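Raw target_22.cif, mmCIF, N, CA and C atoms:
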data_target
loop_
_atom_site.label_atom_id
_atom_site.label_comp_id
_atom_site.auth_asym_id
_atom_site.auth_seq_id
_atom_site.Cartn_x
_atom_site.Cartn_y
_atom_site.Cartn_z
N MET A 14 114.81 100.97 125.19
CA MET A 14 114.56 101.29 123.80
C MET A 14 115.82 101.93 123.21
N ASN A 15 116.18 101.54 122.02
CA ASN A 15 117.38 102.03 121.36
C ASN A 15 117.06 103.29 120.57
N ASN A 16 117.62 104.42 120.98
CA ASN A 16 117.37 105.69 120.29
C ASN A 16 118.11 105.80 118.97
N ASN A 17 119.06 104.91 118.72
CA ASN A 17 119.82 104.94 117.48
C ASN A 17 119.19 104.10 116.38
N ASN A 18 118.05 103.50 116.65
CA ASN A 18 117.36 102.67 115.68
C ASN A 18 116.85 103.56 114.54
N PRO A 19 117.29 103.31 113.30
CA PRO A 19 116.88 104.18 112.19
C PRO A 19 115.38 104.12 111.90
N VAL A 20 114.74 102.99 112.16
CA VAL A 20 113.30 102.88 111.93
C VAL A 20 112.54 103.76 112.92
N VAL A 21 112.93 103.68 114.19
CA VAL A 21 112.28 104.50 115.22
C VAL A 21 112.52 105.99 114.92
N SER A 22 113.73 106.32 114.54
CA SER A 22 114.08 107.70 114.22
C SER A 22 113.24 108.21 113.05
N SER A 23 113.07 107.38 112.04
CA SER A 23 112.28 107.75 110.87
C SER A 23 110.81 107.95 111.25
N ILE A 24 110.30 107.09 112.10
CA ILE A 24 108.90 107.20 112.54
C ILE A 24 108.71 108.48 113.34
N LYS A 25 109.64 108.76 114.24
CA LYS A 25 109.53 109.98 115.05
C LYS A 25 109.61 111.23 114.18
N ARG A 26 110.49 111.22 113.18
CA ARG A 26 110.61 112.36 112.28
C ARG A 26 109.31 112.53 111.49
N SER A 27 108.72 111.43 111.03
CA SER A 27 107.46 111.49 110.29
C SER A 27 106.34 112.05 111.16
N GLN A 28 106.30 111.64 112.42
CA GLN A 28 105.29 112.17 113.35
C GLN A 28 105.47 113.66 113.55
N LYS A 29 106.71 114.09 113.70
CA LYS A 29 107.02 115.51 113.88
C LYS A 29 106.65 116.29 112.62
N GLU A 30 106.93 115.73 111.44
CA GLU A 30 106.56 116.38 110.18
C GLU A 30 105.05 116.54 110.06
N SER A 31 104.34 115.52 110.48
CA SER A 31 102.88 115.58 110.44
C SER A 31 102.35 116.70 111.34
N GLN A 32 102.91 116.78 112.53
CA GLN A 32 102.51 117.83 113.46
C GLN A 32 102.87 119.21 112.92
N LEU A 33 104.06 119.33 112.35
CA LEU A 33 104.48 120.60 111.76
C LEU A 33 103.57 121.01 110.60
N LEU A 34 103.22 120.06 109.74
CA LEU A 34 102.33 120.34 108.62
C LEU A 34 101.00 120.88 109.11
N LYS A 35 100.47 120.23 110.11
CA LYS A 35 99.18 120.65 110.68
C LYS A 35 99.25 122.07 111.25
N GLU A 36 100.26 122.33 112.05
CA GLU A 36 100.37 123.64 112.71
C GLU A 36 100.74 124.75 111.73
N ILE A 37 101.66 124.47 110.83
CA ILE A 37 102.06 125.50 109.85
C ILE A 37 100.90 125.80 108.91
N SER A 38 100.12 124.79 108.55
CA SER A 38 98.95 125.01 107.68
C SER A 38 97.94 125.92 108.37
N LYS A 39 97.70 125.69 109.66
CA LYS A 39 96.78 126.56 110.40
C LYS A 39 97.29 127.99 110.42
N MET A 40 98.59 128.15 110.72
CA MET A 40 99.17 129.48 110.76
C MET A 40 99.09 130.16 109.40
N PHE A 41 99.38 129.39 108.35
CA PHE A 41 99.36 129.97 107.00
C PHE A 41 97.96 130.42 106.62
N LEU A 42 96.95 129.69 107.03
CA LEU A 42 95.57 130.10 106.75
C LEU A 42 95.30 131.47 107.38
N ASP A 43 95.68 131.63 108.63
CA ASP A 43 95.49 132.92 109.30
C ASP A 43 96.30 134.02 108.61
N ILE A 44 97.52 133.70 108.24
CA ILE A 44 98.38 134.69 107.58
C ILE A 44 97.80 135.10 106.23
N SER A 45 97.29 134.12 105.47
CA SER A 45 96.75 134.45 104.15
C SER A 45 95.47 135.28 104.25
N LEU A 46 94.77 135.20 105.38
CA LEU A 46 93.62 136.07 105.59
C LEU A 46 94.09 137.49 105.91
N ASP A 47 95.23 137.58 106.58
CA ASP A 47 95.82 138.87 106.94
C ASP A 47 96.51 139.51 105.75
N ALA A 48 97.13 138.71 104.91
CA ALA A 48 97.86 139.20 103.73
C ALA A 48 97.29 138.51 102.49
N PRO A 49 96.25 139.09 101.89
CA PRO A 49 95.58 138.45 100.75
C PRO A 49 96.49 138.13 99.56
N ILE A 50 97.65 138.80 99.48
CA ILE A 50 98.58 138.51 98.38
C ILE A 50 99.03 137.05 98.41
N LEU A 51 98.99 136.43 99.58
CA LEU A 51 99.45 135.04 99.73
C LEU A 51 98.37 134.03 99.35
N GLN A 52 97.16 134.50 99.13
CA GLN A 52 96.10 133.57 98.73
C GLN A 52 96.43 133.03 97.34
N GLY A 53 96.20 131.79 97.15
CA GLY A 53 96.57 131.13 95.89
C GLY A 53 97.78 130.22 96.07
N LEU A 54 98.44 130.32 97.23
CA LEU A 54 99.52 129.40 97.58
C LEU A 54 98.95 128.30 98.46
N PHE A 55 99.44 127.09 98.28
CA PHE A 55 98.97 125.96 99.06
C PHE A 55 100.16 125.18 99.60
N ILE A 56 100.08 124.79 100.85
CA ILE A 56 101.15 123.97 101.44
C ILE A 56 100.87 122.51 101.10
N ASN A 57 101.86 121.86 100.49
CA ASN A 57 101.73 120.45 100.12
C ASN A 57 102.26 119.52 101.19
N LYS A 58 103.45 119.85 101.66
CA LYS A 58 104.11 118.96 102.60
C LYS A 58 105.21 119.73 103.31
N VAL A 59 105.73 119.11 104.36
CA VAL A 59 106.90 119.62 105.05
C VAL A 59 107.90 118.48 105.18
N GLU A 60 109.17 118.83 105.14
CA GLU A 60 110.24 117.84 105.34
C GLU A 60 111.16 118.36 106.41
N LEU A 61 111.39 117.54 107.39
CA LEU A 61 112.28 117.87 108.49
C LEU A 61 113.64 117.25 108.22
N SER A 62 114.69 118.02 108.41
CA SER A 62 116.04 117.48 108.20
C SER A 62 116.30 116.38 109.23
N THR A 63 117.30 115.55 108.95
CA THR A 63 117.58 114.43 109.85
C THR A 63 117.94 114.89 111.25
N ASP A 64 118.59 116.05 111.38
CA ASP A 64 118.92 116.55 112.72
C ASP A 64 117.80 117.43 113.30
N LYS A 65 116.71 117.56 112.55
CA LYS A 65 115.51 118.30 112.97
C LYS A 65 115.76 119.80 113.17
N SER A 66 116.81 120.33 112.55
CA SER A 66 117.10 121.76 112.70
C SER A 66 116.48 122.60 111.60
N MET A 67 116.09 121.97 110.49
CA MET A 67 115.54 122.69 109.34
C MET A 67 114.25 122.02 108.89
N CYS A 68 113.26 122.84 108.65
CA CYS A 68 111.98 122.35 108.15
C CYS A 68 111.71 123.04 106.82
N ARG A 69 111.69 122.25 105.76
CA ARG A 69 111.37 122.81 104.45
C ARG A 69 109.87 122.70 104.25
N VAL A 70 109.24 123.83 103.96
CA VAL A 70 107.81 123.90 103.75
C VAL A 70 107.59 124.03 102.24
N PHE A 71 106.95 123.04 101.65
CA PHE A 71 106.74 123.00 100.21
C PHE A 71 105.40 123.63 99.85
N PHE A 72 105.45 124.63 99.00
CA PHE A 72 104.25 125.32 98.54
C PHE A 72 104.00 124.98 97.08
N TYR A 73 102.73 125.02 96.72
CA TYR A 73 102.33 124.84 95.34
C TYR A 73 101.41 125.98 94.96
N ALA A 74 101.52 126.44 93.73
CA ALA A 74 100.61 127.44 93.18
C ALA A 74 100.25 126.98 91.78
N PRO A 75 98.95 126.88 91.48
CA PRO A 75 98.57 126.46 90.13
C PRO A 75 99.13 127.37 89.04
N GLU A 76 99.40 128.63 89.40
CA GLU A 76 99.93 129.59 88.43
C GLU A 76 101.41 129.38 88.16
N GLY A 77 102.08 128.58 88.97
CA GLY A 77 103.46 128.23 88.71
C GLY A 77 104.47 128.89 89.63
N PHE A 78 105.74 128.64 89.30
CA PHE A 78 106.86 129.10 90.12
C PHE A 78 106.93 130.62 90.21
N GLY A 79 106.66 131.31 89.12
CA GLY A 79 106.72 132.78 89.11
C GLY A 79 105.78 133.38 90.14
N PHE A 80 104.58 132.83 90.24
CA PHE A 80 103.59 133.28 91.21
C PHE A 80 104.12 133.11 92.63
N PHE A 81 104.72 131.94 92.88
CA PHE A 81 105.31 131.68 94.20
C PHE A 81 106.44 132.65 94.49
N LYS A 82 107.33 132.82 93.53
CA LYS A 82 108.51 133.68 93.72
C LYS A 82 108.11 135.12 94.03
N GLU A 83 107.05 135.61 93.38
CA GLU A 83 106.58 136.97 93.63
C GLU A 83 106.09 137.15 95.07
N ARG A 84 105.61 136.08 95.67
CA ARG A 84 105.04 136.16 97.02
C ARG A 84 106.01 135.70 98.11
N LEU A 85 107.14 135.19 97.71
CA LEU A 85 108.10 134.65 98.68
C LEU A 85 108.60 135.71 99.65
N LYS A 86 108.83 136.93 99.17
CA LYS A 86 109.33 137.99 100.05
C LYS A 86 108.30 138.29 101.15
N THR A 87 107.04 138.38 100.78
CA THR A 87 105.98 138.61 101.77
C THR A 87 105.89 137.44 102.74
N LEU A 88 105.95 136.24 102.21
CA LEU A 88 105.88 135.04 103.04
C LEU A 88 107.04 135.00 104.04
N THR A 89 108.21 135.38 103.60
CA THR A 89 109.40 135.36 104.45
C THR A 89 109.27 136.34 105.61
N LEU A 90 108.52 137.41 105.43
CA LEU A 90 108.31 138.37 106.52
C LEU A 90 107.60 137.72 107.71
N TYR A 91 106.82 136.70 107.45
CA TYR A 91 106.05 136.03 108.51
C TYR A 91 106.83 134.90 109.18
N LYS A 92 108.01 134.57 108.67
CA LYS A 92 108.78 133.44 109.21
C LYS A 92 109.08 133.57 110.71
N PRO A 93 109.55 134.72 111.20
CA PRO A 93 109.84 134.81 112.64
C PRO A 93 108.61 134.57 113.52
N SER A 94 107.47 135.12 113.12
CA SER A 94 106.27 134.90 113.94
C SER A 94 105.78 133.46 113.85
N MET A 95 105.99 132.82 112.70
CA MET A 95 105.61 131.41 112.58
C MET A 95 106.49 130.55 113.48
N ARG A 96 107.79 130.83 113.49
CA ARG A 96 108.70 130.07 114.37
C ARG A 96 108.33 130.28 115.83
N LYS A 97 108.00 131.51 116.19
CA LYS A 97 107.61 131.81 117.57
C LYS A 97 106.35 131.01 117.93
N GLY A 98 105.37 131.03 117.03
CA GLY A 98 104.15 130.27 117.26
C GLY A 98 104.42 128.78 117.40
N LEU A 99 105.30 128.25 116.56
CA LEU A 99 105.65 126.83 116.65
C LEU A 99 106.34 126.52 117.97
N SER A 100 107.19 127.44 118.43
CA SER A 100 107.90 127.19 119.68
C SER A 100 106.95 127.10 120.86
N LEU A 101 105.82 127.80 120.77
CA LEU A 101 104.83 127.76 121.85
C LEU A 101 103.97 126.49 121.79
N ILE A 102 103.84 125.93 120.61
CA ILE A 102 102.97 124.77 120.41
C ILE A 102 103.72 123.45 120.54
N LEU A 103 104.91 123.38 119.94
CA LEU A 103 105.65 122.12 119.87
C LEU A 103 106.38 121.83 121.17
N SER A 104 106.40 120.55 121.49
CA SER A 104 107.23 120.16 122.62
C SER A 104 108.62 119.89 122.07
N GLY A 105 109.60 120.25 122.80
CA GLY A 105 110.97 120.06 122.35
C GLY A 105 111.82 121.25 122.71
N ARG A 106 113.08 121.02 122.69
CA ARG A 106 114.02 122.06 123.10
C ARG A 106 114.23 123.10 122.00
N TYR A 107 114.20 122.67 120.74
CA TYR A 107 114.50 123.57 119.64
C TYR A 107 113.34 123.64 118.66
N THR A 108 113.20 124.79 118.06
CA THR A 108 112.23 124.98 116.99
C THR A 108 113.01 125.03 115.68
N PRO A 109 112.62 124.22 114.71
CA PRO A 109 113.39 124.20 113.46
C PRO A 109 113.29 125.52 112.70
N ASP A 110 114.34 125.83 111.96
CA ASP A 110 114.30 126.97 111.06
C ASP A 110 113.39 126.60 109.90
N LEU A 111 112.71 127.56 109.34
CA LEU A 111 111.78 127.30 108.25
C LEU A 111 112.38 127.79 106.93
N LYS A 112 112.23 126.97 105.91
CA LYS A 112 112.65 127.35 104.57
C LYS A 112 111.47 127.09 103.65
N PHE A 113 111.07 128.13 102.92
CA PHE A 113 109.92 128.03 102.03
C PHE A 113 110.41 127.74 100.61
N VAL A 114 109.90 126.66 100.02
CA VAL A 114 110.32 126.27 98.68
C VAL A 114 109.10 125.92 97.83
N PHE A 115 109.27 126.08 96.52
CA PHE A 115 108.22 125.72 95.58
C PHE A 115 108.29 124.23 95.30
N ASP A 116 107.16 123.57 95.29
CA ASP A 116 107.12 122.13 95.08
C ASP A 116 106.94 121.83 93.59
N ALA A 117 108.05 121.84 92.86
CA ALA A 117 108.01 121.55 91.43
C ALA A 117 107.64 120.09 91.19
N HIS A 118 107.99 119.22 92.12
CA HIS A 118 107.66 117.80 91.99
C HIS A 118 106.14 117.61 91.93
N PHE A 119 105.42 118.36 92.77
CA PHE A 119 103.96 118.25 92.77
C PHE A 119 103.39 118.68 91.42
N GLU A 120 103.96 119.76 90.88
CA GLU A 120 103.51 120.26 89.59
C GLU A 120 103.72 119.21 88.50
N LYS A 121 104.88 118.56 88.51
CA LYS A 121 105.17 117.50 87.54
C LYS A 121 104.21 116.33 87.73
N HIS A 122 103.94 116.00 88.98
CA HIS A 122 103.02 114.91 89.30
C HIS A 122 101.62 115.22 88.75
N GLN A 123 101.16 116.47 88.94
CA GLN A 123 99.84 116.87 88.45
C GLN A 123 99.79 116.76 86.92
N ARG A 124 100.84 117.22 86.24
CA ARG A 124 100.89 117.15 84.78
C ARG A 124 100.87 115.70 84.31
N LEU A 125 101.65 114.85 84.99
CA LEU A 125 101.71 113.44 84.63
C LEU A 125 100.35 112.78 84.82
N GLU A 126 99.68 113.07 85.93
CA GLU A 126 98.34 112.52 86.15
C GLU A 126 97.37 112.97 85.07
N GLY A 127 97.48 114.23 84.67
CA GLY A 127 96.63 114.75 83.61
C GLY A 127 96.86 114.02 82.29
N LEU A 128 98.12 113.77 81.97
CA LEU A 128 98.44 113.04 80.75
C LEU A 128 97.93 111.61 80.80
N LEU A 129 98.11 110.96 81.95
CA LEU A 129 97.62 109.59 82.09
C LEU A 129 96.10 109.52 81.97
N GLU A 130 95.43 110.49 82.54
CA GLU A 130 93.96 110.54 82.44
C GLU A 130 93.54 110.75 80.99
N LYS A 131 94.26 111.61 80.28
CA LYS A 131 93.95 111.88 78.87
C LYS A 131 94.14 110.61 78.03
N VAL A 132 95.25 109.90 78.25
CA VAL A 132 95.52 108.66 77.52
C VAL A 132 94.46 107.62 77.84
N SER A 133 94.10 107.52 79.11
CA SER A 133 93.07 106.57 79.52
C SER A 133 91.73 106.87 78.85
N GLN A 134 91.39 108.15 78.80
CA GLN A 134 90.12 108.56 78.18
C GLN A 134 90.14 108.27 76.68
N GLU A 135 91.28 108.54 76.04
CA GLU A 135 91.40 108.26 74.60
C GLU A 135 91.27 106.77 74.33
N ALA A 136 91.86 105.95 75.20
CA ALA A 136 91.76 104.50 75.02
C ALA A 136 90.31 104.04 75.17
N LYS A 137 89.62 104.60 76.16
CA LYS A 137 88.19 104.25 76.33
C LYS A 137 87.38 104.66 75.11
N ASP A 138 87.66 105.88 74.59
CA ASP A 138 86.93 106.36 73.41
C ASP A 138 87.18 105.46 72.20
N ARG A 139 88.45 105.01 72.03
CA ARG A 139 88.76 104.12 70.91
C ARG A 139 88.06 102.79 71.07
N ASN A 140 88.03 102.25 72.30
CA ASN A 140 87.36 100.98 72.54
C ASN A 140 85.86 101.10 72.31
N ASN A 141 85.28 102.20 72.72
CA ASN A 141 83.85 102.42 72.50
C ASN A 141 83.56 102.60 71.01
N GLY A 142 84.48 103.20 70.28
CA GLY A 142 84.32 103.39 68.85
C GLY A 142 84.43 102.10 68.09
N ASN A 143 85.30 101.20 68.55
CA ASN A 143 85.49 99.91 67.88
C ASN A 143 84.35 98.94 68.16
N SER A 144 83.68 99.09 69.28
CA SER A 144 82.63 98.14 69.63
C SER A 144 81.31 98.47 68.97
N LYS A 145 81.22 99.64 68.32
CA LYS A 145 79.95 100.02 67.66
C LYS A 145 79.87 99.49 66.29
#

Rewrite the coordinates I just gave you, this time as structure tokens.
Amino acid sequence: MNNNNPVVSSIKRSQKESQLLKEISKMFLDISLDAPILQGLFINKVELSTDKSMCRVFFYAPEGFGFFKERLKTLTLYKPSMRKGLSLILSGRYTPDLKFVFDAHFEKHQRLEGLLEKVSQEAKDRNNGNSK
């Protein structure tokens, strides 16, 4: 098997990201029970760098970026214990460094979906109004 195959590499990275998302989400649930200030933050996704040394954890908060930023310092305090927990769970020689970021893309996606739903509803209302 060729380890330099970009498709295989991409699949393996995706599998690792899936496992990281699952484990980090479990840890974050426990942490948010321990530190209620973190409640209201939600993990959307994780992205592993191509060399697998960095894992960006994307958070979303319905209240916006300011809400996330206020809680980032508290969240960062838990980073060493999260990495330690991951090192015990994950197979592999290295545990990636964690970077917590706000998922502005998700927020834009939610707004766009809301606008599309509104336009769709208005179109239905106009069609129902014209057929009467």

Gap from atom CA of Gly77 of chain A to atom CA of Glu120 of chain A - Å, one decimal: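 Those two atoms sit 8.0 Å apart.
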
Which residue, A:Gly105, A:Ser27, A:Tyr91, A:Asp138, has the smallest gap to Ile44 of chain A when you use only N, CA and C atoms?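 Among the listed residues, A:Tyr91 lies closest to Ile44 of chain A.
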
Could you tell me how far atom N of Phe55 of chain A sits from atom CA of Lys112 of chain A, in Å to one decimal place?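 Interatomic distance, atom CA of Lys112 of chain A to atom N of Phe55 of chain A: 14.6 Å.
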
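Backbone DSSP over chain A yields strand (DSSP E) at A:Phe55, A:Ile56, A:Asn57, A:Lys58, A:Val59, A:Glu60, A:Leu61, A:Met67, A:Cys68, A:Arg69, A:Val70, A:Phe71, A:Phe72, A:Tyr73, A:Asp110, A:Leu111, A:Lys112, A:Phe113, A:Val114, A:Phe115.
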
Would you mind exporting N, CA and C atoms of the selected residues as a short mmCIF file (atom, residue, chain, number, x, y, z; two decimals), in the frame of the given file?
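Heads up, here's the output in result_39.cif:
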data_model
loop_
_atom_site.label_atom_id
_atom_site.label_comp_id
_atom_site.auth_asym_id
_atom_site.auth_seq_id
_atom_site.Cartn_x
_atom_site.Cartn_y
_atom_site.Cartn_z
N PHE A 55 99.44 127.09 98.28
CA PHE A 55 98.97 125.96 99.06
C PHE A 55 100.16 125.18 99.60
N ILE A 56 100.08 124.79 100.85
CA ILE A 56 101.15 123.97 101.44
C ILE A 56 100.87 122.51 101.10
N ASN A 57 101.86 121.86 100.49
CA ASN A 57 101.73 120.45 100.12
C ASN A 57 102.26 119.52 101.19
N LYS A 58 103.45 119.85 101.66
CA LYS A 58 104.11 118.96 102.60
C LYS A 58 105.21 119.73 103.31
N VAL A 59 105.73 119.11 104.36
CA VAL A 59 106.90 119.62 105.05
C VAL A 59 107.90 118.48 105.18
N GLU A 60 109.17 118.83 105.14
CA GLU A 60 110.24 117.84 105.34
C GLU A 60 111.16 118.36 106.41
N LEU A 61 111.39 117.54 107.39
CA LEU A 61 112.28 117.87 108.49
C LEU A 61 113.64 117.25 108.22
N MET A 67 116.09 121.97 110.49
CA MET A 67 115.54 122.69 109.34
C MET A 67 114.25 122.02 108.89
N CYS A 68 113.26 122.84 108.65
CA CYS A 68 111.98 122.35 108.15
C CYS A 68 111.71 123.04 106.82
N ARG A 69 111.69 122.25 105.76
CA ARG A 69 111.37 122.81 104.45
C ARG A 69 109.87 122.70 104.25
N VAL A 70 109.24 123.83 103.96
CA VAL A 70 107.81 123.90 103.75
C VAL A 70 107.59 124.03 102.24
N PHE A 71 106.95 123.04 101.65
CA PHE A 71 106.74 123.00 100.21
C PHE A 71 105.40 123.63 99.85
N PHE A 72 105.45 124.63 99.00
CA PHE A 72 104.25 125.32 98.54
C PHE A 72 104.00 124.98 97.08
N TYR A 73 102.73 125.02 96.72
CA TYR A 73 102.33 124.84 95.34
C TYR A 73 101.41 125.98 94.96
N ASP A 110 114.34 125.83 111.96
CA ASP A 110 114.30 126.97 111.06
C ASP A 110 113.39 126.60 109.90
N LEU A 111 112.71 127.56 109.34
CA LEU A 111 111.78 127.30 108.25
C LEU A 111 112.38 127.79 106.93
N LYS A 112 112.23 126.97 105.91
CA LYS A 112 112.65 127.35 104.57
C LYS A 112 111.47 127.09 103.65
N PHE A 113 111.07 128.13 102.92
CA PHE A 113 109.92 128.03 102.03
C PHE A 113 110.41 127.74 100.61
N VAL A 114 109.90 126.66 100.02
CA VAL A 114 110.32 126.27 98.68
C VAL A 114 109.10 125.92 97.83
N PHE A 115 109.27 126.08 96.52
CA PHE A 115 108.22 125.72 95.58
C PHE A 115 108.29 124.23 95.30
#

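Going from atom CA of Asn141 of chain A to atom N of Glu126 of chain A covers 23.3 Å.
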
Judged by all atoms listed in the file, the minimum distance to Arg96 of chain A among A:Val21, A:Leu54, A:Ala117, A:Leu111 is found for A:Leu111

With 4 Å added on each side, what axis-aligned box encloses every listed atom of segment 94-107 of chain A? Give the centre and edge lengths in Å to one decimal, as AutoDock Vina command-line options.
--center_x 108.7 --center_y 127.5 --center_z 117.8 --size_x 19.5 --size_y 23.2 --size_z 18.5

From A:Leu101, A:Cys68, A:Thr63, A:Lys25, residue lying nearest Phe113 of chain A [all atoms listed in the file]: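 Of all the options, A:Cys68 lies closest to Phe113 of chain A.
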
I'd like the residues picked by the PyMOL selection byres (((chain A and resi 85 and name CA) around 12) and name CA) written out as a ChimeraX atom specification, using the chain letters and numbers from the file. /A:50-51,54,70-74,78-84,86-92,112-115

Apply the PyMOL selection byres (((chain A and resi 65 and name CA) around 12) and name CA) to the file shown and report the selected residues as a count of residues only. 26

Just the alpha helix (DSSP H) stuff from chain A, please, per backbone DSSP, written as a ChimeraX atom specification. /A:19-47,78-90,92-102,117-143

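Contact shell of Ile37 of chain A at 8 Å (only C-alpha atoms; same-chain neighbours under 4 positions omitted): Leu33, Phe41, Met95 and Leu99 of chain A.
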
Complete the atoms of segment 93-101 of chain A to all heavy atoms and put them out as a short mmCIF file (atom, residue, chain, number, x, y, z; two decimals), in the frame of the given file.
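Written file, out13.cif:
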data_model
loop_
_atom_site.label_atom_id
_atom_site.label_comp_id
_atom_site.auth_asym_id
_atom_site.auth_seq_id
_atom_site.Cartn_x
_atom_site.Cartn_y
_atom_site.Cartn_z
N PRO A 93 109.55 134.72 111.20
CA PRO A 93 109.84 134.81 112.64
C PRO A 93 108.61 134.57 113.52
O PRO A 93 108.69 133.86 114.53
CB PRO A 93 110.38 136.23 112.82
CG PRO A 93 110.87 136.63 111.48
CD PRO A 93 109.98 135.94 110.50
N SER A 94 107.47 135.12 113.12
CA SER A 94 106.27 134.90 113.94
C SER A 94 105.78 133.46 113.85
O SER A 94 105.24 132.92 114.82
CB SER A 94 105.16 135.89 113.55
OG SER A 94 104.82 135.76 112.20
N MET A 95 105.99 132.82 112.70
CA MET A 95 105.61 131.41 112.58
C MET A 95 106.49 130.55 113.48
O MET A 95 106.00 129.65 114.17
CB MET A 95 105.72 130.95 111.12
CG MET A 95 104.67 131.56 110.22
SD MET A 95 104.88 131.09 108.49
CE MET A 95 104.15 129.46 108.50
N ARG A 96 107.79 130.83 113.49
CA ARG A 96 108.70 130.07 114.37
C ARG A 96 108.33 130.28 115.83
O ARG A 96 108.36 129.35 116.63
CB ARG A 96 110.15 130.46 114.12
CG ARG A 96 110.69 129.89 112.83
CD ARG A 96 112.19 129.97 112.73
NE ARG A 96 112.78 129.02 113.67
CZ ARG A 96 113.87 129.27 114.36
NH1 ARG A 96 114.50 130.43 114.28
NH2 ARG A 96 114.37 128.36 115.17
N LYS A 97 108.00 131.51 116.19
CA LYS A 97 107.61 131.81 117.57
C LYS A 97 106.35 131.01 117.93
O LYS A 97 106.25 130.41 119.00
CB LYS A 97 107.39 133.31 117.74
CG LYS A 97 106.85 133.72 119.08
CD LYS A 97 107.85 133.50 120.17
CE LYS A 97 107.31 134.06 121.48
NZ LYS A 97 108.10 133.68 122.62
N GLY A 98 105.37 131.03 117.03
CA GLY A 98 104.15 130.27 117.26
C GLY A 98 104.42 128.78 117.40
O GLY A 98 103.84 128.11 118.27
N LEU A 99 105.30 128.25 116.56
CA LEU A 99 105.65 126.83 116.65
C LEU A 99 106.34 126.52 117.97
O LEU A 99 106.10 125.48 118.57
CB LEU A 99 106.55 126.43 115.49
CG LEU A 99 105.88 126.31 114.12
CD1 LEU A 99 106.92 126.07 113.04
CD2 LEU A 99 104.84 125.21 114.12
N SER A 100 107.19 127.44 118.43
CA SER A 100 107.90 127.19 119.68
C SER A 100 106.95 127.10 120.86
O SER A 100 107.22 126.39 121.83
CB SER A 100 108.95 128.27 119.93
OG SER A 100 108.34 129.49 120.30
N LEU A 101 105.82 127.80 120.77
CA LEU A 101 104.83 127.76 121.85
C LEU A 101 103.97 126.49 121.79
O LEU A 101 103.46 126.03 122.81
CB LEU A 101 103.93 129.00 121.79
CG LEU A 101 104.64 130.34 121.99
CD1 LEU A 101 103.67 131.49 121.73
CD2 LEU A 101 105.23 130.44 123.38
#
